[in-house]
Amino acid sequence: MTVRALLLNQAADRKVTGTIETLPLDRLPGGDVTVAIEYSTLNYKDGLVLTTGGGLVKTWPHVGGIDFSGTVERSDHPDFRPGDKVVLNGWRVGELHWGGYATKARVKGDWLVKLPAAISTRNAMAIGTAGYTSMLCVMALQKHGILPAAGEILVTGAAGGVGSVAVAILARLGFGVAAATGRPQEAAYLRSLGAATVLDRKEITEAPDRPLLSERFAGVVDTVSGVMLAKALAQVKYAGAAAACGLAGGASFPGSILPFILRGVTMYGIDSVMLPKGPREEAWRRLGSDLPLDKLDSTVTEVGLGEVMDLAPKILKGEIRGRVVVDVSR
Ligand code: NDP
């Protein structure tokens with residue numbers, strides 16, 4: 001038994017190289033479930049691993065891919081049987097543990113989630129960590145009590161993976177969505193996902209430099225951080241909330257305390273990686289019912305394992321539209 005994998009190595013200058021190799025099955029790391037992988041995907045974090053390692057990978061050679069979906073082939077875990085369709089997101093798989101850019105993975109069963117019947121293995125990777133994180137952001141805003149009647153929800157980095165799926169889910173749930181993008185050429189795409197308003201990213205980042213601006217958004221899904229998050233928070237309505245999950249625009253943000261203490265604004269931090277199993281399963285269930293899967297298809301570019309290395313620098317530059325699905329069989 002063998003496994004076909006995109007095997008990564010790091011040179012002395014930190015540059016990562018990848019070659020597709022056929023390895024004996026016993027090269028896979030330990031774990032109580034073996035999965036025949038069907039699809040993986042490309043996330044921002046994968047871009048880091050595939051270019052410089054991003055400080056995320058501790059041992060080389062390595063197999064990247066923070067997400068995968070497939071069918072259980074062998075299981076010593078009580079919750080899984082051969083034939084189960086499963087998805088894996090996070091748990092530092094693809095960073096510390098070998099990941100999805102291979103035809104098989106051996107992992108802890110505790111990391112796997114059974115796919116709802118409505119979601120195919122391909123759609124699971126069209127969703128991927130990006131889409132599952134979008135769902136977590138939307139769930140945070142809903143648990144805060146924000147209803148569609150409260151006003152528009154701002155989605156930043158809207159044409160990216162997390163942003164695109166957030167726009168589609170929010171629109172499906174009846175929210176008015178204001179999609180902020182640095183790529184005005186993607187306006188028609190964002191409207192097709194359900195955005196009511198498409199904003200040039202600069203409308204937010206170049207808003208006057210004041211700690212409080214006119215109250216405009218009932219909530220925010222932020223994938224960008226930096227000035228974008230600071231200026232978005234300054235425009236959140238009284239008692240509204242922001243769900244912050246990303247740092248595409250930088251890790252720090254030059255914000256003011258005033259939205260929090262004068263408008264009662266709440267900021268939720270969203271982590272998808274180490275989230276316990278319960279809320280993970282809830283998010284995947286919600287994706288099965290609240291994400292318009294027909295819209296999801298329009299966000300997808302499908303590639304084979306051999307194309308992943310070339311796409312990695314592009315996702316880091318914000319040049320990928322929507323979601324990339326990797327068919328590991330080709
Ligand atoms: P993408 O690269 O697909 O999307 C990011 C988008 O952000 C880009 O498409 C672009 O959108 C916008 N953007 C990029 N650079 C800048 C910039 N300098 N200033 C302003 N906007 C910028 O990545 P993902 O959607 O997969 O991930 C988005 C972020 O969320 C990443 O930082 C990622 O690490 C994080 N993330 C966090 C998770 C968590 O668990 N907390 C899980 C998954 C992702 P546009 O062209 O529309 O402006």
# chains A, B, ... in the order shown; residues from 1 in each chain; ligands from 1
>>> residues_around(residues="range 134-147 of chain A", least_positions_apart="6", cutoff="8 Å", atoms="only C-alpha atoms", output="CSV table (one decimal) with N, CA, C and O atoms, in the first residue's frame")
chain,number,residue,atom,x,y,z
A,162,VAL,N,-12.8,33.3,3.0
A,162,VAL,CA,-13.7,33.5,4.1
A,162,VAL,C,-14.8,34.5,3.8
A,162,VAL,O,-16.0,34.3,4.0
A,163,GLY,N,-14.3,35.6,3.1
A,163,GLY,CA,-15.3,36.6,2.8
A,163,GLY,C,-16.4,36.2,1.9
A,163,GLY,O,-17.6,36.4,2.1
A,165,VAL,N,-17.7,33.2,1.3
A,165,VAL,CA,-18.6,32.3,1.9
A,165,VAL,C,-19.5,33.0,2.9
A,165,VAL,O,-20.7,32.8,3.0
A,166,ALA,N,-18.9,34.0,3.7
A,166,ALA,CA,-19.6,34.8,4.6
A,166,ALA,C,-20.7,35.6,3.9
A,166,ALA,O,-21.9,35.6,4.4
A,169,ILE,N,-23.6,33.1,3.0
A,169,ILE,CA,-24.4,32.6,4.1
A,169,ILE,C,-25.3,33.8,4.7
A,169,ILE,O,-26.5,33.6,4.9
A,170,LEU,N,-24.7,34.9,4.9
A,170,LEU,CA,-25.4,36.1,5.5
A,170,LEU,C,-26.6,36.4,4.5
A,170,LEU,O,-27.7,36.7,5.0
A,175,PHE,N,-29.8,38.7,5.7
A,175,PHE,CA,-29.1,39.9,6.1
A,175,PHE,C,-28.7,40.7,4.9
A,175,PHE,O,-28.4,40.2,3.8
A,218,ALA,N,-24.7,47.0,11.4
A,218,ALA,CA,-25.2,46.2,12.6
A,218,ALA,C,-24.1,45.3,13.1
A,218,ALA,O,-24.0,45.0,14.3
A,219,GLY,N,-23.3,44.8,12.2
A,219,GLY,CA,-22.2,43.9,12.6
A,219,GLY,C,-21.1,43.8,11.5
A,219,GLY,O,-21.3,44.4,10.4
A,221,VAL,N,-18.1,41.1,9.8
A,221,VAL,CA,-17.2,39.9,9.7
A,221,VAL,C,-15.9,40.4,9.1
A,221,VAL,O,-15.8,40.8,8.0
A,240,GLY,N,-23.9,46.8,18.6
A,240,GLY,CA,-23.5,45.8,17.6
A,240,GLY,C,-22.3,45.0,17.9
A,240,GLY,O,-21.7,45.1,19.0
A,241,ALA,N,-21.8,44.2,16.9
A,241,ALA,CA,-20.7,43.3,17.2
A,241,ALA,C,-19.9,43.1,15.9
A,241,ALA,O,-20.4,43.1,14.8
A,242,ALA,N,-18.6,42.8,16.1
A,242,ALA,CA,-17.7,42.4,15.1
A,242,ALA,C,-17.2,41.0,15.4
A,242,ALA,O,-16.8,40.7,16.5
A,243,ALA,N,-17.1,40.1,14.4
A,243,ALA,CA,-16.4,38.8,14.5
A,243,ALA,C,-15.1,38.9,13.8
A,243,ALA,O,-15.1,39.1,12.5
A,244,ALA,N,-14.0,38.9,14.5
A,244,ALA,CA,-12.7,39.1,13.8
A,244,ALA,C,-12.0,37.8,13.7
A,244,ALA,O,-11.8,37.1,14.7
A,245,CYS,N,-11.7,37.4,12.5
A,245,CYS,CA,-11.0,36.0,12.3
A,245,CYS,C,-9.7,36.1,11.5
A,245,CYS,O,-9.0,35.1,11.5
A,268,TYR,N,-15.8,39.7,18.9
A,268,TYR,CA,-15.6,38.3,19.1
A,268,TYR,C,-14.4,37.9,18.4
A,268,TYR,O,-14.3,38.1,17.2
A,270,ILE,N,-12.5,34.8,16.7
A,270,ILE,CA,-12.9,33.5,16.1
A,270,ILE,C,-11.7,32.7,15.8
A,270,ILE,O,-10.8,33.1,15.0
A,272,SER,N,-10.7,28.8,14.5
A,272,SER,CA,-11.3,27.6,14.0
A,272,SER,C,-10.4,26.4,14.3
A,272,SER,O,-10.9,25.3,14.2
A,283,ALA,N,-21.3,23.9,13.6
A,283,ALA,CA,-20.9,24.8,12.4
A,283,ALA,C,-21.2,24.0,11.1
A,283,ALA,O,-21.7,24.5,10.1
A,286,ARG,N,-24.8,23.6,10.4
A,286,ARG,CA,-25.4,24.8,9.9
A,286,ARG,C,-25.0,25.1,8.5
A,286,ARG,O,-25.7,25.6,7.7
A,287,LEU,N,-23.7,24.7,8.1
A,287,LEU,CA,-23.3,24.8,6.7
A,287,LEU,C,-24.2,24.0,5.8
A,287,LEU,O,-24.5,24.4,4.7
>>> residues_near_ligand(ligand="ligand 1", cutoff="6 Å", atoms="only C-alpha atoms and all ligand atoms", output="NGL selection string")
:A and (43-45 or 129-130 or 133 or 157-163 or 181-183 or 223-224 or 245-249 or 270-273 or 315-316 or 318 or 320)
>>> atom_distance(atom1="CA of Asp79 in chain A", atom2="CA of Ser289 in chain A")
23.3 Å
>>> residues_around(residues="Ile127 in chain A", least_positions_apart="5", cutoff="10 Å", atoms="only C-alpha atoms", output="MDAnalysis selection string")
chainID A and resid 41 67 119 121:122 132:135 161:162 165 284 287 291 293 296:297 299:300 322:325
>>> atom_distance(atom1="CA of Thr59 in chain A", atom2="CA of Leu96 in chain A")
7.6 Å
>>> select_by_dssp(residues="range 54-300 of chain A", states="strand (DSSP E)", output="PyMOL selection string")
chain A and resi 62-63+67-75+85-89+104-107+113-114+153-156+177-181+197-200+217-222+236-244+266-269+300
>>> select_by_dssp(residues="range 113-229 of chain A", states="helix (DSSP H, G or I)", output="short mmCIF file (atom, residue, chain, number, x, y, z; two decimals) with N, CA and C atoms, in the first residue's frame")
data_model
loop_
_atom_site.label_atom_id
_atom_site.label_comp_id
_atom_site.auth_asym_id
_atom_site.auth_seq_id
_atom_site.Cartn_x
_atom_site.Cartn_y
_atom_site.Cartn_z
N THR A 121 -18.02 15.38 -0.40
CA THR A 121 -16.61 15.61 -0.02
C THR A 121 -16.03 16.78 -0.83
N ARG A 122 -16.49 16.95 -2.08
CA ARG A 122 -15.98 18.08 -2.87
C ARG A 122 -16.47 19.40 -2.29
N ASN A 123 -17.78 19.45 -1.99
CA ASN A 123 -18.31 20.68 -1.39
C ASN A 123 -17.67 20.98 -0.04
N ALA A 124 -17.33 19.91 0.70
CA ALA A 124 -16.69 20.14 2.00
C ALA A 124 -15.39 20.91 1.84
N MET A 125 -14.68 20.65 0.74
CA MET A 125 -13.43 21.37 0.53
C MET A 125 -13.64 22.70 -0.20
N ALA A 126 -14.77 22.81 -0.92
CA ALA A 126 -15.13 24.15 -1.43
C ALA A 126 -15.41 25.05 -0.22
N ILE A 127 -15.93 24.46 0.84
CA ILE A 127 -16.16 25.21 2.08
C ILE A 127 -14.82 25.35 2.82
N GLY A 128 -14.20 24.23 3.17
CA GLY A 128 -12.89 24.22 3.83
C GLY A 128 -12.85 25.02 5.13
N THR A 129 -11.63 25.20 5.65
CA THR A 129 -11.48 26.00 6.87
C THR A 129 -12.04 27.40 6.65
N ALA A 130 -11.86 27.93 5.44
CA ALA A 130 -12.33 29.29 5.18
C ALA A 130 -13.85 29.39 5.40
N GLY A 131 -14.59 28.45 4.77
CA GLY A 131 -16.05 28.52 4.86
C GLY A 131 -16.56 28.17 6.25
N TYR A 132 -15.88 27.23 6.88
CA TYR A 132 -16.27 26.83 8.25
C TYR A 132 -16.02 28.00 9.21
N THR A 133 -14.93 28.75 8.96
CA THR A 133 -14.66 29.94 9.79
C THR A 133 -15.70 31.02 9.53
N SER A 134 -16.13 31.16 8.28
CA SER A 134 -17.21 32.13 7.97
C SER A 134 -18.45 31.79 8.78
N MET A 135 -18.77 30.49 8.82
CA MET A 135 -19.96 30.06 9.58
C MET A 135 -19.79 30.40 11.06
N LEU A 136 -18.59 30.19 11.60
CA LEU A 136 -18.35 30.52 13.02
C LEU A 136 -18.56 32.02 13.26
N CYS A 137 -18.12 32.84 12.31
CA CYS A 137 -18.30 34.30 12.44
C CYS A 137 -19.79 34.64 12.45
N VAL A 138 -20.53 34.05 11.51
CA VAL A 138 -21.97 34.33 11.43
C VAL A 138 -22.67 33.85 12.70
N MET A 139 -22.28 32.66 13.19
CA MET A 139 -22.89 32.14 14.43
C MET A 139 -22.63 33.10 15.60
N ALA A 140 -21.42 33.68 15.65
CA ALA A 140 -21.10 34.62 16.75
C ALA A 140 -22.02 35.85 16.68
N LEU A 141 -22.22 36.37 15.47
CA LEU A 141 -23.09 37.55 15.34
C LEU A 141 -24.54 37.20 15.70
N GLN A 142 -24.97 36.00 15.29
CA GLN A 142 -26.35 35.59 15.61
C GLN A 142 -26.52 35.36 17.12
N LYS A 143 -25.50 34.72 17.74
CA LYS A 143 -25.60 34.49 19.20
C LYS A 143 -25.60 35.81 19.94
N HIS A 144 -24.99 36.82 19.35
CA HIS A 144 -25.01 38.16 19.95
C HIS A 144 -26.42 38.74 19.90
N PRO A 148 -31.58 40.40 10.96
CA PRO A 148 -31.48 41.14 9.70
C PRO A 148 -32.04 42.57 9.78
N ALA A 149 -33.08 42.78 10.60
CA ALA A 149 -33.69 44.11 10.67
C ALA A 149 -32.76 45.15 11.29
N ALA A 150 -31.67 44.68 11.95
CA ALA A 150 -30.77 45.62 12.63
C ALA A 150 -29.94 46.44 11.65
N GLY A 161 -11.56 33.84 0.34
CA GLY A 161 -12.26 32.61 0.69
C GLY A 161 -13.25 32.79 1.83
N VAL A 162 -12.78 33.29 2.98
CA VAL A 162 -13.67 33.47 4.13
C VAL A 162 -14.76 34.48 3.78
N GLY A 163 -14.34 35.57 3.14
CA GLY A 163 -15.28 36.64 2.81
C GLY A 163 -16.38 36.17 1.88
N SER A 164 -16.02 35.47 0.80
CA SER A 164 -17.02 35.03 -0.19
C SER A 164 -18.10 34.18 0.47
N VAL A 165 -17.67 33.21 1.29
CA VAL A 165 -18.64 32.30 1.90
C VAL A 165 -19.48 33.05 2.94
N ALA A 166 -18.86 33.99 3.67
CA ALA A 166 -19.63 34.79 4.64
C ALA A 166 -20.72 35.58 3.93
N VAL A 167 -20.39 36.16 2.78
CA VAL A 167 -21.39 36.93 2.02
C VAL A 167 -22.56 36.01 1.66
N ALA A 168 -22.25 34.81 1.14
CA ALA A 168 -23.31 33.90 0.69
C ALA A 168 -24.19 33.43 1.86
N ILE A 169 -23.58 33.12 3.00
CA ILE A 169 -24.38 32.65 4.15
C ILE A 169 -25.26 33.77 4.67
N LEU A 170 -24.66 34.94 4.87
CA LEU A 170 -25.43 36.06 5.45
C LEU A 170 -26.61 36.42 4.55
N ALA A 171 -26.35 36.45 3.23
CA ALA A 171 -27.44 36.81 2.30
C ALA A 171 -28.54 35.76 2.38
N ARG A 172 -28.16 34.48 2.44
CA ARG A 172 -29.14 33.41 2.53
C ARG A 172 -30.00 33.53 3.80
N PRO A 184 -12.43 45.88 -7.35
CA PRO A 184 -13.74 46.30 -7.86
C PRO A 184 -14.23 45.44 -9.02
N GLN A 185 -13.29 44.79 -9.73
CA GLN A 185 -13.69 43.91 -10.85
C GLN A 185 -14.47 42.70 -10.36
N GLU A 186 -14.47 42.44 -9.05
CA GLU A 186 -15.22 41.30 -8.49
C GLU A 186 -16.62 41.72 -8.01
N ALA A 187 -17.05 42.95 -8.35
CA ALA A 187 -18.36 43.43 -7.86
C ALA A 187 -19.50 42.52 -8.31
N ALA A 188 -19.47 42.10 -9.59
CA ALA A 188 -20.58 41.28 -10.11
C ALA A 188 -20.59 39.92 -9.38
N TYR A 189 -19.40 39.37 -9.16
CA TYR A 189 -19.28 38.10 -8.42
C TYR A 189 -19.87 38.24 -7.02
N LEU A 190 -19.53 39.33 -6.34
CA LEU A 190 -20.01 39.52 -4.96
C LEU A 190 -21.52 39.73 -4.94
N ARG A 191 -22.03 40.43 -5.94
CA ARG A 191 -23.50 40.60 -6.01
C ARG A 191 -24.16 39.25 -6.28
N SER A 192 -23.52 38.41 -7.11
CA SER A 192 -24.12 37.10 -7.40
C SER A 192 -24.16 36.23 -6.15
N LEU A 193 -23.25 36.47 -5.21
CA LEU A 193 -23.28 35.72 -3.95
C LEU A 193 -24.34 36.27 -2.99
N ARG A 201 -12.68 48.89 -0.92
CA ARG A 201 -11.99 48.77 0.37
C ARG A 201 -11.58 50.14 0.94
N LYS A 202 -11.19 51.07 0.01
CA LYS A 202 -10.72 52.39 0.46
C LYS A 202 -11.81 53.19 1.14
N GLU A 203 -13.08 52.91 0.82
CA GLU A 203 -14.16 53.64 1.48
C GLU A 203 -14.11 53.41 2.98
N ILE A 204 -13.60 52.25 3.38
CA ILE A 204 -13.46 51.98 4.82
C ILE A 204 -12.09 52.47 5.30
N THR A 205 -11.02 52.05 4.61
CA THR A 205 -9.67 52.35 5.15
C THR A 205 -9.33 53.84 5.08
N GLY A 226 -5.95 45.26 10.84
CA GLY A 226 -5.31 46.51 10.47
C GLY A 226 -6.27 47.69 10.51
N VAL A 227 -6.00 48.67 9.65
CA VAL A 227 -6.82 49.90 9.60
C VAL A 227 -8.27 49.55 9.27
N MET A 228 -8.45 48.52 8.44
CA MET A 228 -9.81 48.11 8.03
C MET A 228 -10.66 47.78 9.27
N LEU A 229 -10.12 47.00 10.18
CA LEU A 229 -10.88 46.62 11.38
C LEU A 229 -11.13 47.83 12.27
#
>>> closest_residue(among="A:Leu213, A:Val328, A:Ala117, A:Val86", to="Gln235 in chain A", atoms="only C-alpha atoms")
A:Leu213
>>> closest_residue(among="A:Ala11, A:Ala312, A:Val177, A:Leu305", to="Trp60 in chain A", atoms="only C-alpha atoms")
A:Ala11
